[in-house]
Amino acid sequence: MTMSSRRHKKRKLKAEINVVPYIDVMLVLLIIFMVTAPLLNLGVDIDLPQSTAKSIQSKEDPVIVSVDRGGRLFLTLQGDANREVTRDEMVAKVKAFVSQRPNVPVYVAGDANAPYQTVYDVLSTLQTDAGVARAGLMSTPTK
């Protein structure tokens, strides 16, 4: 009887996916990423090159925003002398001037000893708040 009951009794097939190998692979990848992520450098220490580029010739007088070593801002519009301005005054004047002349060149002249963050903030403020599409950095040529 035992033989006949075994023959008639069929085993059901399992329709499951074995996920254990997938979990193992995921954990190995997780460990690899956790080990390598701190090793990635987001910034690289570099020495900026000196420029021997020729000066840009423009038909219009450029707008020049100067940053001195103390972080003070000076604005030159249409060849006028440098005038000390606050950040809000600079934004308002440059925005009004650029809206009338959209192709006027805008340059930032940062002192060599000015904090880089200050010069960068002026560039980003010109682009975001004053509506300047492109702003360049001024430099003195090497001798």
# chains A, B, ... in the order shown; residues from 1 in each chain; ligands from 1
call {"tool": "residues_around", "arguments": {"residues": "Arg72 in chain A", "least_positions_apart": "6", "cutoff": "10 Å", "atoms": "only C-alpha atoms", "output": "PyMOL selection string"}}
result
chain A and resi 66+84-87+114+118
call {"tool": "residues_around", "arguments": {"residues": "Ser99 in chain A", "least_positions_apart": "3", "cutoff": "9 Å", "atoms": "only C-alpha atoms", "output": "ChimeraX atom specification"}}
result
/A:94-96,102,131-132
call {"tool": "residues_around", "arguments": {"residues": "Asp129 in chain A", "least_positions_apart": "3", "cutoff": "12 Å", "atoms": "only C-alpha atoms", "output": "PyMOL selection string"}}
result
chain A and resi 87-96+98+121-126+132-133
call {"tool": "write_last_selection", "arguments": {"atoms": "N, CA and C atoms", "output": "short mmCIF file (atom, residue, chain, number, x, y, z; two decimals), in the first residue's frame"}}
result
data_model
loop_
_atom_site.label_atom_id
_atom_site.label_comp_id
_atom_site.auth_asym_id
_atom_site.auth_seq_id
_atom_site.Cartn_x
_atom_site.Cartn_y
_atom_site.Cartn_z
N ARG A 87 26.38 95.57 -2.72
CA ARG A 87 25.96 94.46 -3.59
C ARG A 87 24.61 94.75 -4.24
N ASP A 88 23.67 95.29 -3.46
CA ASP A 88 22.34 95.59 -4.01
C ASP A 88 22.39 96.70 -5.06
N GLU A 89 23.20 97.73 -4.82
CA GLU A 89 23.35 98.79 -5.82
C GLU A 89 23.97 98.25 -7.10
N MET A 90 24.97 97.38 -6.96
CA MET A 90 25.60 96.78 -8.12
C MET A 90 24.59 96.00 -8.94
N VAL A 91 23.76 95.20 -8.27
CA VAL A 91 22.78 94.39 -8.98
C VAL A 91 21.79 95.29 -9.71
N ALA A 92 21.29 96.32 -9.04
CA ALA A 92 20.30 97.20 -9.65
C ALA A 92 20.88 97.95 -10.86
N LYS A 93 22.08 98.50 -10.72
CA LYS A 93 22.68 99.27 -11.81
C LYS A 93 23.05 98.39 -13.00
N VAL A 94 23.65 97.24 -12.73
CA VAL A 94 24.05 96.34 -13.82
C VAL A 94 22.81 95.78 -14.50
N LYS A 95 21.79 95.44 -13.75
CA LYS A 95 20.56 94.91 -14.34
C LYS A 95 19.92 95.92 -15.27
N ALA A 96 19.84 97.18 -14.83
CA ALA A 96 19.26 98.24 -15.67
C ALA A 96 20.10 98.47 -16.92
N VAL A 98 22.28 96.34 -18.42
CA VAL A 98 22.28 95.18 -19.31
C VAL A 98 20.93 95.00 -19.99
N ASP A 121 31.11 84.79 -5.56
CA ASP A 121 29.78 85.30 -5.21
C ASP A 121 29.36 86.43 -6.14
N VAL A 122 30.30 87.30 -6.51
CA VAL A 122 29.99 88.40 -7.43
C VAL A 122 29.60 87.83 -8.79
N LEU A 123 30.34 86.84 -9.27
CA LEU A 123 30.01 86.22 -10.56
C LEU A 123 28.62 85.59 -10.53
N SER A 124 28.32 84.84 -9.50
CA SER A 124 27.02 84.18 -9.43
C SER A 124 25.90 85.19 -9.24
N THR A 125 26.15 86.27 -8.49
CA THR A 125 25.13 87.31 -8.31
C THR A 125 24.85 88.01 -9.63
N LEU A 126 25.88 88.28 -10.42
CA LEU A 126 25.67 88.90 -11.72
C LEU A 126 24.80 88.02 -12.61
N VAL A 132 22.83 88.82 -16.13
CA VAL A 132 23.94 88.81 -17.07
C VAL A 132 24.13 87.38 -17.57
N ALA A 133 24.06 87.22 -18.89
CA ALA A 133 24.18 85.87 -19.46
C ALA A 133 25.61 85.35 -19.34
#
call {"tool": "residues_around", "arguments": {"residues": "Val108 in chain A", "least_positions_apart": "5", "cutoff": "7 Å", "atoms": "only C-alpha atoms", "output": "PyMOL selection string"}}
result
chain A and resi 64-66+136-138
call {"tool": "atom_distance", "arguments": {"atom1": "CA of Phe97 in chain A", "atom2": "CA of Asn113 in chain A"}}
result
28.7 Å
call {"tool": "closest_residue", "arguments": {"among": "A:Ala81, A:Leu75, A:Leu29, A:Val67", "to": "Tyr120 in chain A", "atoms": "only C-alpha atoms"}}
result
A:Val67
call {"tool": "closest_residue", "arguments": {"among": "A:Arg69, A:Val119, A:Pro62, A:Ser139", "to": "Val104 in chain A", "atoms": "only C-alpha atoms"}}
result
A:Pro62
call {"tool": "decode", "arguments": {"residues": "range 46-134 of chain A", "atoms": "C-alpha atoms", "output": "PDB file, in the first residue's frame"}}
result
ATOM      1  CA  ILE A  46      45.829  72.870  -9.083  1.00  0.00           C
ATOM      2  CA  ASP A  47      48.019  75.848  -9.829  1.00  0.00           C
ATOM      3  CA  LEU A  48      46.185  78.142 -12.216  1.00  0.00           C
ATOM      4  CA  PRO A  49      48.160  78.975 -15.363  1.00  0.00           C
ATOM      5  CA  GLN A  50      49.224  82.473 -16.249  1.00  0.00           C
ATOM      6  CA  SER A  51      47.551  83.922 -19.281  1.00  0.00           C
ATOM      7  CA  THR A  52      49.270  85.207 -22.384  1.00  0.00           C
ATOM      8  CA  ALA A  53      45.924  85.760 -24.100  1.00  0.00           C
ATOM      9  CA  LYS A  54      45.423  88.883 -26.133  1.00  0.00           C
ATOM     10  CA  SER A  55      43.023  91.519 -24.891  1.00  0.00           C
ATOM     11  CA  ILE A  56      39.478  91.485 -26.179  1.00  0.00           C
ATOM     12  CA  GLN A  57      38.547  94.313 -28.493  1.00  0.00           C
ATOM     13  CA  SER A  58      35.004  95.565 -28.078  1.00  0.00           C
ATOM     14  CA  LYS A  59      33.092  98.418 -29.671  1.00  0.00           C
ATOM     15  CA  GLU A  60      31.291  99.203 -26.421  1.00  0.00           C
ATOM     16  CA  ASP A  61      32.862 100.088 -23.111  1.00  0.00           C
ATOM     17  CA  PRO A  62      32.463  97.072 -20.817  1.00  0.00           C
ATOM     18  CA  VAL A  63      30.807  96.994 -17.425  1.00  0.00           C
ATOM     19  CA  ILE A  64      33.538  96.294 -14.884  1.00  0.00           C
ATOM     20  CA  VAL A  65      32.853  95.128 -11.344  1.00  0.00           C
ATOM     21  CA  SER A  66      36.041  95.330  -9.268  1.00  0.00           C
ATOM     22  CA  VAL A  67      36.627  93.476  -6.000  1.00  0.00           C
ATOM     23  CA  ASP A  68      39.459  94.759  -3.820  1.00  0.00           C
ATOM     24  CA  ARG A  69      41.371  92.699  -1.255  1.00  0.00           C
ATOM     25  CA  GLY A  70      38.948  93.764   1.490  1.00  0.00           C
ATOM     26  CA  GLY A  71      35.933  92.485  -0.469  1.00  0.00           C
ATOM     27  CA  ARG A  72      34.574  95.949  -1.326  1.00  0.00           C
ATOM     28  CA  LEU A  73      32.845  96.335  -4.705  1.00  0.00           C
ATOM     29  CA  PHE A  74      33.514  99.059  -7.260  1.00  0.00           C
ATOM     30  CA  LEU A  75      31.499  99.571 -10.442  1.00  0.00           C
ATOM     31  CA  THR A  76      32.591 101.119 -13.742  1.00  0.00           C
ATOM     32  CA  LEU A  77      29.831 101.940 -16.253  1.00  0.00           C
ATOM     33  CA  GLN A  78      30.480 103.569 -19.646  1.00  0.00           C
ATOM     34  CA  GLY A  79      34.064 104.475 -18.824  1.00  0.00           C
ATOM     35  CA  ASP A  80      33.200 106.349 -15.608  1.00  0.00           C
ATOM     36  CA  ALA A  81      35.626 106.154 -12.717  1.00  0.00           C
ATOM     37  CA  ASN A  82      35.295 103.336 -10.214  1.00  0.00           C
ATOM     38  CA  ARG A  83      32.566 104.057  -7.703  1.00  0.00           C
ATOM     39  CA  GLU A  84      32.188 102.074  -4.539  1.00  0.00           C
ATOM     40  CA  VAL A  85      28.805 100.341  -4.419  1.00  0.00           C
ATOM     41  CA  THR A  86      27.008  97.834  -2.242  1.00  0.00           C
ATOM     42  CA  ARG A  87      25.965  94.461  -3.591  1.00  0.00           C
ATOM     43  CA  ASP A  88      22.339  95.588  -4.006  1.00  0.00           C
ATOM     44  CA  GLU A  89      23.348  98.787  -5.816  1.00  0.00           C
ATOM     45  CA  MET A  90      25.605  96.783  -8.123  1.00  0.00           C
ATOM     46  CA  VAL A  91      22.776  94.392  -8.978  1.00  0.00           C
ATOM     47  CA  ALA A  92      20.296  97.204  -9.650  1.00  0.00           C
ATOM     48  CA  LYS A  93      22.678  99.274 -11.814  1.00  0.00           C
ATOM     49  CA  VAL A  94      24.048  96.345 -13.816  1.00  0.00           C
ATOM     50  CA  LYS A  95      20.564  94.905 -14.337  1.00  0.00           C
ATOM     51  CA  ALA A  96      19.261  98.238 -15.667  1.00  0.00           C
ATOM     52  CA  PHE A  97      22.314  98.727 -17.894  1.00  0.00           C
ATOM     53  CA  VAL A  98      22.284  95.177 -19.308  1.00  0.00           C
ATOM     54  CA  SER A  99      18.543  95.288 -19.987  1.00  0.00           C
ATOM     55  CA  GLN A 100      19.136  98.286 -22.300  1.00  0.00           C
ATOM     56  CA  ARG A 101      22.275  96.792 -23.889  1.00  0.00           C
ATOM     57  CA  PRO A 102      22.100  92.979 -23.746  1.00  0.00           C
ATOM     58  CA  ASN A 103      25.357  92.465 -25.689  1.00  0.00           C
ATOM     59  CA  VAL A 104      27.549  94.663 -23.496  1.00  0.00           C
ATOM     60  CA  PRO A 105      30.528  92.749 -22.068  1.00  0.00           C
ATOM     61  CA  VAL A 106      30.570  92.367 -18.272  1.00  0.00           C
ATOM     62  CA  TYR A 107      33.857  91.655 -16.476  1.00  0.00           C
ATOM     63  CA  VAL A 108      34.820  90.999 -12.882  1.00  0.00           C
ATOM     64  CA  ALA A 109      38.230  92.312 -11.857  1.00  0.00           C
ATOM     65  CA  GLY A 110      39.256  90.561  -8.671  1.00  0.00           C
ATOM     66  CA  ASP A 111      42.319  91.595  -6.716  1.00  0.00           C
ATOM     67  CA  ALA A 112      44.933  88.843  -6.516  1.00  0.00           C
ATOM     68  CA  ASN A 113      44.612  88.881  -2.725  1.00  0.00           C
ATOM     69  CA  ALA A 114      40.799  89.045  -2.655  1.00  0.00           C
ATOM     70  CA  PRO A 115      39.058  85.986  -1.233  1.00  0.00           C
ATOM     71  CA  TYR A 116      38.086  83.615  -4.020  1.00  0.00           C
ATOM     72  CA  GLN A 117      34.646  83.126  -2.450  1.00  0.00           C
ATOM     73  CA  THR A 118      33.915  86.857  -2.760  1.00  0.00           C
ATOM     74  CA  VAL A 119      34.835  86.916  -6.455  1.00  0.00           C
ATOM     75  CA  TYR A 120      32.768  83.781  -7.044  1.00  0.00           C
ATOM     76  CA  ASP A 121      29.782  85.295  -5.212  1.00  0.00           C
ATOM     77  CA  VAL A 122      29.987  88.398  -7.427  1.00  0.00           C
ATOM     78  CA  LEU A 123      30.006  86.220 -10.558  1.00  0.00           C
ATOM     79  CA  SER A 124      27.020  84.180  -9.431  1.00  0.00           C
ATOM     80  CA  THR A 125      25.131  87.314  -8.310  1.00  0.00           C
ATOM     81  CA  LEU A 126      25.669  88.898 -11.718  1.00  0.00           C
ATOM     82  CA  GLN A 127      24.258  85.826 -13.434  1.00  0.00           C
ATOM     83  CA  THR A 128      21.351  85.072 -11.132  1.00  0.00           C
ATOM     84  CA  ASP A 129      20.194  88.460  -9.849  1.00  0.00           C
ATOM     85  CA  ALA A 130      21.386  90.950 -12.469  1.00  0.00           C
ATOM     86  CA  GLY A 131      20.483  88.837 -15.500  1.00  0.00           C
ATOM     87  CA  VAL A 132      23.941  88.813 -17.070  1.00  0.00           C
ATOM     88  CA  ALA A 133      24.178  85.873 -19.458  1.00  0.00           C
ATOM     89  CA  ARG A 134      27.979  85.801 -19.598  1.00  0.00           C
TER      90      ARG A 134
END
